[in-house]
Structure formats: structure tokens, C-alpha cells
Amino acid sequence: MLTYDMEQRGSKPLYEYLYICIREDILKGFLKPGEKLPSKREMSKNLNIALITVENAYAQLIIEGYVTAREKRGYFVNAVTTGTGTEIQGAKRGIQSGDKNKAKKAAEAAWVVDFSSLELKEDAFPFKTWAKLMRRILEERQEAFLQKPEGRGVPELRRAVAEYLRKAKGLNVTADRIVVGPGTEYLHHLILQLLGPGKIVAVEDPGYKKVGMIYESNGVKCLHVPVDENGLIVEKLKKSNAGLVHVSPSHHFPTGCVMPIGRRKALLEWAENENAFILEDDYDSEFRFDGRPVPALASLDDEKVIYLNTFTKTLAPSIRIAYMVLPETLNRRYDEKLSFYSGAVPSFEQYTLAAFIGEGYYERHVSRMRNYYRTQRARILQAFWDSKLSAFADVEEHAAGLHFILKLHTNNDEEVLKTLSRKRIRLTPVSDYCYNDREKYNHSFLVYYTDQNTEKIRWAFDLIAESIKK
């Protein structure tokens, strides 16, 4: 049985630390290709951690290609190749063959170009400004650090978020309807408690699979509703008895489509008729490069829509602060049933973020990053048009978000992926995010461009073209 000391994780979330431990054991060769991992329940029991923690760690390993899930059989280690195309063997467990530096180099050697990477540039985060605010907050708010954090989040941060939503999203909300949490996963758990037992939840198909995993790990029945070019198909929701539907109308993941006003109104009408709620996940909506930002669905009806967003994408993955805006009915239910919860985000971080938003730094940072990603996107697209691949693929892009979709002119996705893997190029199929009808998204792949080197990208595009020709 795999055993790790979870107390050594430092400030990392449990699932991230578990994912890193397993990934390093794979890269070092302690876990061999084809070796079966413990079941989620076995791992959860052995490490004395929640089942959802193991599920999230395994899900990340699957997404990054270290592990494959086989239906009714379990989870198995994939072969990870080095630059020569041979498998990384490493040392046997218990033998010191290098140290953390070797493991880091092995991880870096795994992929020359990783189109699935969301890694940020080193200068993407405003470290100097953040450090300045932290020092000031530490001096000015010492008494607040000795007090128990409010369950909803500190008032300063909730007021700053409310003002930002008013200016940027067209949402006229008050701070007392906002709940702050350490990431969206925590807020999903609260929402399920507010809805009560026995509810059926609908999610987008394709969509962000971790959302469905969170619901199902809580014993909630999850329906997978298909998506077309206009977003979630509302007609498929009718007669579903769903009490909540999770949607990303302003920028759907992974297709990138935007839900038009007609479909939005139909969705709101469904919620009204069925006495149900809509959870609006405002994924990546800050990064729209053409035209005006798309207004939030919640701006049309704040009684049926729960608005959810996070600072992870706009600031950094380590900023584990998310928030939701509750409709008044659920807001009262929160006060009645969940107000006993203590604050889950350190006050120090909340006060710092409140100052960062309230003093205009956040808005300027988002604007700077939007300009950077617009330029980076244009570079990567130009590299595509200049490469051989432009004759063997099409680009589907919606001028928003941090990725676009590459549609390859091939009939054998698996063979192309194997060839690219040998060349240390990683692509993620859109079909990986499907529950059903995977064939509809055959030959479609995600291309992230947050910190990609243009020359390497052009080289990779040419190699993809060669793999298709073969």
C-alpha cells in the first residue's frame, strides 16, 4: 500500500500534495508502467484523508497523462518517456538515487512542449505590490489577526468583491450575500448543504469533470446534459427533476462557446418553472479579447442564479480564494443553517486581497494580463499559420480564455498521440472531458498558450503535421 506523510505538505492542499507524491514516484520509477494504484477508498482509508481528496489527486494524474482509469478495473500507471523515447526507470523504492533535483529534472524532461500546461510566466504575478500590501496589512490590522475569522469572509473583502462585480460584471449585489471560501470545491460543498438531501444536479457534457466528481462524492445523483454551439441544451433539462444545473455561460469549458441571450432566458425560465437553481461558474470570463465582456447570467435574475468565481486563474493557483453570491432565499438559509462555520480562509490573505482589489491593483493586473494573453494568443496562432500544420488542421477559437481547440485532419487520434508522446509533445483530447458521445469531439485537442515558447510551438506544430501525414 502506498503511504505518504501528509503532514509534510506544508501549505499545499491535501489533494495537490498527494498528486505530487504519486507523480514523483512514477517519474523516479518507484511505480512501474502498468502497476495498479490502490483504489480510491483504500488510499483514503490508509492515509486517513477524505475520499474526494484522493479523487481529485487521481483526476489530476489522469489529466496529465501519468495514470489511466480503466472502467471497473482501477487506476494504472502509464509509461513516461525521456528525451530518447525510453521509459524513465529511476531507482527501486528505498534507494536514494538522486534527490529532489533529479526528480524535478525528470519531470521537466517528460515534455518538450506541453499544450496542456497552464503554467504562468514568472513575472505574471505582481509580487512587489502584493508584498507591499502584506507588510502594510501586518502593521495596520494586528488586532484582526487575533480574532476568529467570519464564516462568510471578512467584510472588507466582501465589500471589495461586491464593488468589483458591480463595475465589471453588471451585478448589483451587497456584501452580505457574498460567501468567501478556500477554492470553489469548498463552496460546492456548501451549496449542496444549502439545497438539502435528495437533489439531482445537472452538469455540462462535455465539461469540467471535477465538478461532477465533487457532487457524486457527496452522494448526489449527477445528470450529464449535452452542449451544442450555444451552450447547455435546455430542452434536455426538462423532465429531469434536477434541482440545480451547473453552467459556464460566458465561456464554456472546453468548447469556448458563449450562451446567447435566447438560451439564457430559456434556462432562467426552466429554473423558475421547476423551482430550481442555476450555478453560474464564471470560468475564464475576464479573458475576453474581442468586444465587451459578456454580462453575467446572474445580472438577468439574481433570485435563481448562484454566481461563482475564483481568483485562481486571474492571480495565481496558490491564491486559494473563491467566492459565491447567493440568491436571497439561499442567503437566508445560509444564515439559518450554516452560519456556525468558521472562516476557512486566513484573514491575513483576505485583508491583503481586499486592499489589492479596493485600491485598483486587481483591475490593472487583469487588464495587463488580458493584453499579455491577447498578444501571446496572436503569436501562437501566427505560428500555426506559418507551420506545416495549417494544411492538416483547423483552429476553433472564440477570442476568449486561455486555450483554443485544434481540429486535426486525421482518422486515428490514438496513433497521433502515441507518435507525439514519443517526441515529448503532449496534447489533451477534448473527448477527455466528455461523459457521453465522445466521438462527436474526435480529432479535437486543447491548446493552452499561457507561457509557451513560440519557436518550440512552431517546431511542435510541424511535428504534428508530420505525424498526421504518416
# chains A, B, ... in the order shown; residues from 1 in each chain; ligands from 1
>>> residues_around(residues="segment 421-427 of chain A", least_positions_apart="5", cutoff="6 Å", atoms="only C-alpha atoms", output="VMD selection string")
chain A and resid 85 111 to 115
>>> write_last_selection(atoms="C-alpha atoms", output="CSV table (one decimal), in the first residue's frame")
chain,number,residue,atom,x,y,z
A,85,GLY,CA,11.9,7.8,-26.1
A,111,TRP,CA,7.6,17.0,-22.2
A,112,VAL,CA,9.4,19.4,-24.5
A,113,VAL,CA,6.1,21.1,-25.4
A,114,ASP,CA,3.1,20.6,-23.2
A,115,PHE,CA,-0.1,22.1,-24.8
>>> residues_around(residues="segment 436-446 of chain A", least_positions_apart="3", cutoff="7 Å", atoms="only C-alpha atoms", output="list in words")
Ser116, His403, Phe404, Ile405, Leu406, Lys407, Leu408, Thr410, Asp413, Leu427, Thr428, Pro429, Val430 and Ser431 of chain A
>>> closest_atom_pairs(of="segment 183-253 of chain A", to="segment 57-63 of chain A", cutoff="12 Å", atoms="only C-alpha atoms", output="Markdown table")
| residue | atom | partner | partner_atom | distance |
| --- | --- | --- | --- | --- |
| A:Tyr208 | CA | A:Ala59 | CA | 11.1 |
| A:Lys209 | CA | A:Ala59 | CA | 8.7 |
| A:Lys210 | CA | A:Ala59 | CA | 7.5 |
| A:Val211 | CA | A:Ala59 | CA | 11.3 |
| A:Gly212 | CA | A:Ala59 | CA | 11.6 |
| A:Met213 | CA | A:Ala59 | CA | 9.1 |
| A:Ile214 | CA | A:Ala59 | CA | 11.3 |
>>> closest_residue(among="A:Pro317, A:Gly207, A:Gly34, A:Gly196", to="Val247 of chain A", atoms="only C-alpha atoms")
A:Gly207
>>> residues_around(residues="Lys239 of chain A", least_positions_apart="2", cutoff="12 Å", atoms="only C-alpha atoms", output="list in words")
Ile200, Ala202, Leu223, Val234, Glu235, Lys236, Leu237, Asn241, Ala242, Gly243, Trp270, Ala271, Asn273 and Glu274 of chain A
>>> write_last_selection(atoms="C-alpha atoms", output="PDB file, in the first residue's frame")
ATOM      1  CA  ILE A 200     -30.405  15.919  -8.565  1.00  0.00           C
ATOM      2  CA  ALA A 202     -27.148  18.535 -13.870  1.00  0.00           C
ATOM      3  CA  LEU A 223     -27.034  14.135 -14.862  1.00  0.00           C
ATOM      4  CA  VAL A 234     -32.125  23.472 -22.065  1.00  0.00           C
ATOM      5  CA  GLU A 235     -34.647  21.126 -23.702  1.00  0.00           C
ATOM      6  CA  LYS A 236     -32.646  18.199 -22.326  1.00  0.00           C
ATOM      7  CA  LEU A 237     -33.122  19.563 -18.806  1.00  0.00           C
ATOM      8  CA  ASN A 241     -36.183  16.707 -11.942  1.00  0.00           C
ATOM      9  CA  ALA A 242     -32.827  18.440 -11.442  1.00  0.00           C
ATOM     10  CA  GLY A 243     -32.783  20.912  -8.573  1.00  0.00           C
ATOM     11  CA  TRP A 270     -36.674  26.435 -16.721  1.00  0.00           C
ATOM     12  CA  ALA A 271     -35.345  27.334 -13.256  1.00  0.00           C
ATOM     13  CA  ASN A 273     -40.879  26.651 -13.651  1.00  0.00           C
ATOM     14  CA  GLU A 274     -39.043  23.838 -11.853  1.00  0.00           C
TER      15      GLU A 274
END
>>> residues_around(residues="Tyr4 of chain A", least_positions_apart="3", cutoff="10 Å", atoms="only C-alpha atoms", output="list of chain:residue names")
A:Met1, A:Glu7, A:Gln8, A:Arg9, A:Tyr17, A:Leu18, A:Cys21, A:Ile22, A:Asn46, A:Leu47
>>> write_last_selection(atoms="N, CA and C atoms", output="compact mmCIF listing (two decimals), in the first residue's frame")
# COMPACT_ATOMS: atom_id res chain seq x y z
N MET A 1 0.84 -1.20 0.00
CA MET A 1 0.00 0.00 0.00
C MET A 1 0.88 1.25 0.00
N GLU A 7 1.50 15.11 6.64
CA GLU A 7 1.84 16.26 7.49
C GLU A 7 2.99 17.08 6.88
N GLN A 8 3.66 16.51 5.87
CA GLN A 8 4.79 17.21 5.24
C GLN A 8 4.34 18.11 4.09
N ARG A 9 3.04 18.28 3.90
CA ARG A 9 2.56 19.01 2.72
C ARG A 9 2.78 20.51 2.81
N TYR A 17 -0.76 17.73 -2.75
CA TYR A 17 0.42 17.07 -2.20
C TYR A 17 0.42 15.58 -2.55
N LEU A 18 -0.77 14.94 -2.46
CA LEU A 18 -0.87 13.53 -2.81
C LEU A 18 -0.54 13.32 -4.29
N CYS A 21 3.23 13.55 -4.75
CA CYS A 21 3.91 12.36 -4.24
C CYS A 21 3.83 11.20 -5.23
N ILE A 22 2.63 10.95 -5.75
CA ILE A 22 2.44 9.85 -6.68
C ILE A 22 3.18 10.14 -7.99
N ASN A 46 -6.20 4.36 4.12
CA ASN A 46 -4.81 4.20 4.54
C ASN A 46 -4.19 5.52 5.00
N LEU A 47 -4.49 6.60 4.28
CA LEU A 47 -3.90 7.90 4.60
C LEU A 47 -4.76 8.74 5.55
>>> atom_distance(atom1="atom CA of Leu315 of chain A", atom2="atom CA of Tyr372 of chain A")
13.6 Å
>>> closest_residue(among="A:Arg379, A:Lys45, A:Lys470, A:Lys418", to="Glu455 of chain A", atoms="only C-alpha atoms")
A:Arg379
>>> residues_around(residues="Arg264 of chain A", least_positions_apart="5", cutoff="12 Å", atoms="only C-alpha atoms", output="MDAnalysis selection string")
chainID A and resid 230:234 247:250 258:259 269:271 278 280 295:301 305
>>> atom_distance(atom1="atom CA of Gly262 of chain A", atom2="atom CA of Leu330 of chain A")
26.1 Å
>>> atom_distance(atom1="atom CA of Thr419 of chain A", atom2="atom CA of Lys456 of chain A")
17.0 Å
>>> residues_around(residues="Arg288 of chain A", least_positions_apart="3", cutoff="10 Å", atoms="only C-alpha atoms", output="list in words")
Ser250, His251, Asp284, Ser285, Gly291, Arg292, Pro293, Val294, Arg370, Asn371, Tyr373, Arg374, His398, Ala399, Ala400, Gly401 and Leu402 of chain A
>>> closest_residue(among="A:Glu328, A:Glu42, A:Asp205, A:Glu71", to="Thr174 of chain A", atoms="only C-alpha atoms")
A:Glu328
>>> residues_around(residues="Ala50 of chain A", least_positions_apart="4", cutoff="10 Å", atoms="only C-alpha atoms", output="compact mmCIF listing (two decimals) with C-alpha atoms, in the first residue's frame")
# COMPACT_ATOMS: atom_id res chain seq x y z
CA LEU A 14 -4.02 17.72 0.53
CA TYR A 15 -5.00 16.60 -2.97
CA LYS A 40 -9.67 5.48 -4.04
CA ARG A 41 -11.29 4.02 -0.91
CA MET A 43 -5.98 5.14 -0.36
CA SER A 44 -8.46 7.28 1.57
CA LYS A 45 -8.58 4.81 4.46
CA VAL A 54 -7.93 11.06 -3.43
CA GLU A 55 -10.38 11.50 -6.32
CA SER A 217 -18.64 12.03 -3.97
>>> closest_residue(among="A:Lys36, A:His246, A:Lys388, A:Arg368", to="Ile306 of chain A", atoms="only C-alpha atoms")
A:His246
>>> select_by_dssp(residues="segment 239-278 of chain A", states="strand (DSSP E or B)", output="list in words")
Ala242, Gly243, Leu244, Val245, His246, Val247, Phe277 and Ile278 of chain A
>>> write_last_selection(atoms="C-alpha atoms", output="PDB file, in the first residue's frame")
ATOM      1  CA  ALA A 242     -32.827  18.440 -11.442  1.00  0.00           C
ATOM      2  CA  GLY A 243     -32.783  20.912  -8.573  1.00  0.00           C
ATOM      3  CA  LEU A 244     -29.522  22.555  -9.697  1.00  0.00           C
ATOM      4  CA  VAL A 245     -27.730  22.924 -13.014  1.00  0.00           C
ATOM      5  CA  HIS A 246     -24.052  23.860 -13.227  1.00  0.00           C
ATOM      6  CA  VAL A 247     -23.226  26.002 -16.291  1.00  0.00           C
ATOM      7  CA  PHE A 277     -31.346  26.958  -9.159  1.00  0.00           C
ATOM      8  CA  ILE A 278     -28.610  27.712 -11.685  1.00  0.00           C
TER       9      ILE A 278
END
>>> closest_residue(among="A:Leu389, A:Leu308, A:Ile261, A:Ile26", to="Gly183 of chain A", atoms="only C-alpha atoms")
A:Leu308
